>>> print(open('final_33.txt').read())   # compact mmCIF, C-alpha atoms
# COMPACT_ATOMS: atom_id res chain seq x y z
CA MET A 288 27.00 -33.71 -23.67
CA ARG A 289 29.25 -35.71 -26.01
CA LYS A 290 32.28 -34.46 -24.07
CA GLY A 291 30.76 -35.48 -20.73
CA ILE A 292 29.81 -31.96 -19.68
CA LEU A 293 26.44 -31.56 -17.96
CA THR A 294 24.57 -28.43 -19.04
CA SER A 295 22.13 -27.20 -16.44
CA THR A 296 19.53 -24.49 -17.13
CA ALA A 297 16.75 -22.82 -15.17
CA ALA A 298 13.34 -24.32 -15.87
CA GLY A 299 11.85 -20.81 -15.77
CA ASN A 300 9.43 -18.85 -13.59
CA GLU A 301 6.24 -19.23 -15.60
CA GLY A 302 4.46 -21.85 -13.39
CA PRO A 303 2.42 -23.41 -12.05
CA ASN A 304 0.82 -24.59 -15.29
CA PRO A 305 2.22 -27.64 -17.10
CA ALA A 306 4.47 -27.31 -20.18
CA THR A 307 5.79 -23.89 -19.14
CA LEU A 308 9.51 -24.67 -18.94
CA THR A 309 11.83 -22.77 -21.23
CA GLY A 310 14.93 -25.02 -21.31
CA PHE A 311 13.40 -28.21 -22.66
CA ALA A 312 16.05 -29.72 -24.95
CA PRO A 313 16.52 -33.39 -23.97
CA TRP A 314 20.27 -32.95 -23.34
CA LEU A 315 19.74 -30.14 -20.79
CA LEU A 316 19.13 -30.61 -17.07
CA SER A 317 16.29 -28.21 -16.22
CA VAL A 318 16.37 -27.03 -12.63
CA ALA A 319 13.22 -25.81 -10.88
CA ALA A 320 13.10 -23.00 -8.35
CA SER A 321 13.23 -24.15 -4.75
CA SER A 322 12.54 -22.82 -1.29
CA ILE A 323 15.02 -22.15 1.49
CA ASN A 324 14.87 -23.58 5.02
CA ARG A 325 13.27 -20.48 6.54
CA LYS A 326 10.35 -18.17 5.85
CA PHE A 327 9.46 -14.64 6.84
CA LEU A 328 6.11 -14.16 8.56
CA THR A 329 4.25 -10.92 8.99
CA LYS A 330 1.30 -10.90 11.39
CA VAL A 331 -1.85 -8.89 10.72
CA ARG A 332 -4.18 -8.37 13.70
CA LEU A 333 -7.66 -6.99 13.17
CA GLY A 334 -9.54 -4.96 15.78
CA ASN A 335 -11.52 -8.10 16.68
CA ASN A 336 -8.18 -9.80 17.59
CA LYS A 337 -8.29 -12.15 14.59
CA ILE A 338 -4.66 -12.78 13.52
CA PHE A 339 -3.38 -13.78 10.07
CA GLU A 340 0.21 -14.92 9.46
CA VAL A 341 1.41 -14.17 5.95
CA TYR A 342 4.67 -14.79 4.06
CA VAL A 343 5.81 -11.28 3.20
CA VAL A 344 8.88 -9.30 4.15
CA TYR A 345 8.64 -5.86 5.71
CA MET A 346 11.23 -5.08 8.38
CA GLY A 347 10.12 -1.54 9.17
CA ASP A 348 11.64 0.16 12.19
CA MET A 349 13.67 -2.60 13.85
CA ALA A 350 13.25 -0.85 17.23
CA LYS A 351 9.48 -1.39 17.16
CA GLU A 352 7.67 -4.71 17.17
CA GLU A 353 4.48 -3.32 15.65
CA VAL A 354 4.95 -1.27 12.54
CA SER A 355 1.50 0.10 11.90
CA THR A 356 -1.84 0.28 13.72
CA SER A 357 -4.25 2.27 11.59
CA PRO A 358 -7.87 2.53 10.52
CA LEU A 359 -8.78 0.17 7.69
CA HIS A 360 -10.03 1.68 4.42
CA LEU A 361 -12.06 -0.30 1.90
CA SER A 362 -10.64 0.81 -1.47
CA MET A 363 -13.62 -0.46 -3.45
CA LEU A 364 -15.93 2.22 -2.05
CA GLU A 365 -14.33 4.94 -4.16
CA LYS A 366 -14.54 3.78 -7.75
CA VAL A 367 -14.23 0.50 -9.60
CA ILE A 368 -10.64 1.06 -10.76
CA SER A 369 -9.43 1.70 -7.20
CA ARG A 370 -10.44 -1.80 -6.04
CA GLU A 371 -7.16 -3.14 -7.44
CA CYS A 372 -5.11 -0.40 -5.70
CA ASP A 373 -3.23 0.35 -8.92
CA ILE A 374 -0.86 3.31 -9.07
CA ASN A 375 -2.81 6.62 -9.21
CA SER A 376 -6.17 4.90 -8.62
CA LEU A 377 -6.57 5.73 -4.93
CA ASP A 378 -7.84 9.03 -3.53
CA LYS A 379 -4.98 10.35 -1.41
CA LYS A 380 -7.37 12.22 0.90
CA LEU A 381 -9.24 9.01 1.72
CA VAL A 382 -6.28 6.65 2.22
CA LYS A 383 -3.62 8.85 3.84
CA GLY A 384 -2.64 7.39 7.19
CA LYS A 385 -4.77 4.27 6.72
CA ILE A 386 -4.26 0.60 5.91
CA VAL A 387 -5.97 -0.02 2.58
CA TYR A 388 -7.83 -3.24 1.74
CA CYS A 389 -7.23 -4.12 -1.93
CA GLU A 390 -9.12 -6.62 -4.09
CA SER A 391 -5.94 -7.74 -5.87
CA ASP A 392 -2.51 -9.26 -5.34
CA THR A 393 -0.90 -5.82 -5.34
CA LYS A 394 2.65 -5.44 -4.05
CA GLY A 395 1.81 -2.09 -2.43
CA GLN A 396 3.04 0.55 -4.88
CA GLY A 397 -0.41 2.16 -5.30
CA PRO A 398 -1.09 2.48 -1.55
CA LEU A 399 2.47 3.67 -0.92
CA LEU A 400 2.23 6.49 -3.47
CA ALA A 401 -1.22 7.48 -2.15
CA GLY A 402 0.16 7.94 1.39
CA ALA A 403 -1.32 4.83 3.03
CA THR A 404 0.44 3.44 6.10
CA GLY A 405 -0.09 -0.12 4.88
CA PHE A 406 -2.24 -2.44 2.77
CA LEU A 407 -3.95 -5.81 2.79
CA GLY A 408 -4.03 -7.50 -0.61
CA LYS A 409 -5.92 -10.56 -1.84
CA GLY A 410 -4.80 -13.57 -3.86
CA ARG A 411 -1.98 -15.44 -2.08
CA LEU A 412 -1.69 -19.01 -3.38
CA PHE A 413 -0.42 -22.11 -1.57
CA GLY A 414 3.23 -22.75 -2.39
CA GLY A 415 4.00 -19.08 -2.84
CA THR A 416 7.13 -17.49 -1.46
CA SER A 417 7.82 -14.37 0.56
CA SER A 418 7.46 -11.06 -1.22
CA ASN A 419 9.45 -7.94 -0.36
CA LEU A 420 7.12 -4.98 0.23
CA PRO A 421 7.73 -1.20 0.19
CA LEU A 422 5.43 -0.56 3.18
CA PRO A 423 3.70 -2.65 5.87
CA GLY A 424 1.41 -5.06 4.08
CA SER A 425 0.10 -8.52 3.59
CA LEU A 426 -1.09 -10.69 0.73
CA LEU A 427 -3.98 -12.73 2.11
CA SER A 428 -5.53 -15.95 0.81
CA TYR A 429 -9.04 -15.62 -0.65
CA ASN A 430 -10.59 -17.01 2.56
CA GLU A 431 -8.57 -14.66 4.79
CA ALA A 432 -9.42 -11.68 2.58
CA SER A 433 -13.10 -12.58 2.83
CA GLU A 434 -12.85 -12.48 6.63
CA VAL A 435 -11.16 -9.07 6.51
CA TYR A 436 -13.80 -7.73 4.11
CA LYS A 437 -16.63 -8.92 6.39
CA TYR A 438 -14.88 -7.36 9.41
CA ILE A 439 -14.55 -4.00 7.63
CA LYS A 440 -18.20 -4.03 6.51
CA ALA A 441 -19.44 -4.99 10.01
CA ASN A 442 -17.55 -2.24 11.89
CA SER A 443 -17.92 1.51 11.71
CA LYS A 444 -14.28 2.07 12.77
CA PRO A 445 -12.28 -1.00 11.72
CA ILE A 446 -8.58 -1.08 12.58
CA ALA A 447 -5.66 -3.38 11.86
CA THR A 448 -2.12 -3.80 13.13
CA ILE A 449 0.68 -5.02 10.89
CA SER A 450 3.74 -6.32 12.75
CA ARG A 451 7.24 -6.37 11.32
CA SER A 452 8.38 -9.63 9.76
CA GLU A 453 9.93 -12.45 11.76
CA GLU A 454 12.23 -15.17 10.47
CA VAL A 455 11.03 -18.70 11.31
CA ALA A 456 12.02 -22.22 10.26
CA ASP A 457 10.17 -23.59 7.24
CA THR A 458 9.33 -27.18 8.18
CA ARG A 459 7.92 -27.90 4.68
CA SER A 460 11.19 -27.00 2.98
CA PRO A 461 12.45 -27.83 0.45
CA TYR A 462 9.57 -27.57 -2.01
CA ILE A 463 9.01 -26.16 -5.49
CA PRO A 464 7.23 -22.78 -5.29
CA ASN A 465 4.11 -22.22 -7.37
CA TYR A 466 5.83 -19.84 -9.82
CA SER A 467 8.40 -22.41 -10.96
CA SER A 468 7.94 -23.68 -14.54
CA ARG A 469 7.00 -27.30 -15.10
CA GLY A 470 7.19 -30.01 -17.77
CA PRO A 471 6.43 -31.86 -19.92
CA ASN A 472 8.29 -30.77 -23.02
CA PRO A 473 5.88 -28.27 -24.67
CA ILE A 474 6.86 -29.28 -28.22
CA THR A 475 7.21 -33.06 -27.85
CA PRO A 476 5.28 -34.11 -24.73
CA ASN A 477 6.29 -37.76 -25.15
CA ILE A 478 9.88 -36.78 -24.24
CA LEU A 479 9.76 -36.81 -20.48
CA LYS A 480 11.11 -33.61 -18.96
CA VAL A 481 11.11 -33.45 -15.21
CA CYS A 482 12.36 -30.37 -13.40
CA SER A 483 14.56 -31.40 -10.50
>>> encode(input="final_33.txt", output="structure tokens")
Amino acid sequence: MRKGILTSTAAGNEGPNPATLTGFAPWLLSVAASSINRKFLTKVRLGNNKIFEVYVVYMGDMAKEEVSTSPLHLSMLEKVISRECDINSLDKKLVKGKIVYCESDTKGQGPLLAGATGFLGKGRLFGGTSSNLPLPGSLLSYNEASEVYKYIKANSKPIATISRSEEVADTRSPYIPNYSSRGPNPITPNILKVCS
């Protein structure tokens, strides 16, 4: 700084709580994470034609528009541990060839290894960014997940279709995603530290 050189550091990825930044020395410029000018939407259509648009990336077979239409399986019916769809928690005989509904913000590894054709997870927060998934899937908000759960419980043969991702313009961009660390300075809060 004395020689006129600006030192810029990443604020960190521990947000969204306050005082989570890692580069907080007063002579450092802490830079927050930011979005890009586009997002990747994946559409999930239930058998009742209710459609959810979610920010996840699964390209699948580029020759097909719809990646997976399969029966929906409620993972929580098996055993308590399987509700989260953790690795080795799902019964392969029950989930093979099905889209699994998970009571967690899983990224799909458990359903993938169990032979599922896709998954619907729960726990997407506003300000989140697109996730890259290993199989067709979606991370729903709590309200959306509640609608899916009610649909599964109300139907004897529930189905869902997960379409491949599409690139669209992000009209809210640029914004700071929810995972980006934030100030103030965790050691001396009276030293203002704003992530730019």
>>> closest_residue(input="final_33.txt", among="A:Gly384, A:Ser376, A:Pro313, A:Asn419", to="Leu293 in chain A", atoms="all atoms listed in the file")
A:Pro313
>>> atom_distance(input="final_33.txt", atom1="CA of Pro398 in chain A", atom2="CA of Ser369 in chain A")
10.1 Å
>>> residues_near_point(input="final_33.txt", point="(21.9, -24.4, -17.2)", cutoff="10 Å", atoms="all atoms listed in the file", output="list in words")
Leu293, Thr294, Ser295, Thr296, Ala297, Ala298, Gly310, Leu315, Leu316, Ser317 and Val318 of chain A
>>> closest_residue(input="final_33.txt", among="A:Tyr388, A:Phe327, A:Phe406, A:Tyr342", to="Glu453 in chain A", atoms="all atoms listed in the file")
A:Phe327
>>> closest_residue(input="final_33.txt", among="A:Pro303, A:Pro464, A:Pro421, A:Pro476", to="Gly395 in chain A", atoms="only C-alpha atoms")
A:Pro421
>>> residues_around(input="final_33.txt", residues="Gln396 in chain A", least_positions_apart="2", cutoff="12 Å", atoms="all atoms listed in the file", output="PyMOL selection string")
chain A and resi 371-377+387+389+392-394+398-406+408+419-424
>>> atom_distance(input="final_33.txt", atom1="CA of Ala306 in chain A", atom2="CA of Ser322 in chain A")
21.0 Å
>>> atom_distance(input="final_33.txt", atom1="CA of Pro461 in chain A", atom2="CA of Ala320 in chain A")
10.1 Å
>>> closest_residue(input="final_33.txt", among="A:Asn324, A:Thr448, A:Thr475, A:Thr307", to="Lys337 in chain A", atoms="only C-alpha atoms")
A:Thr448
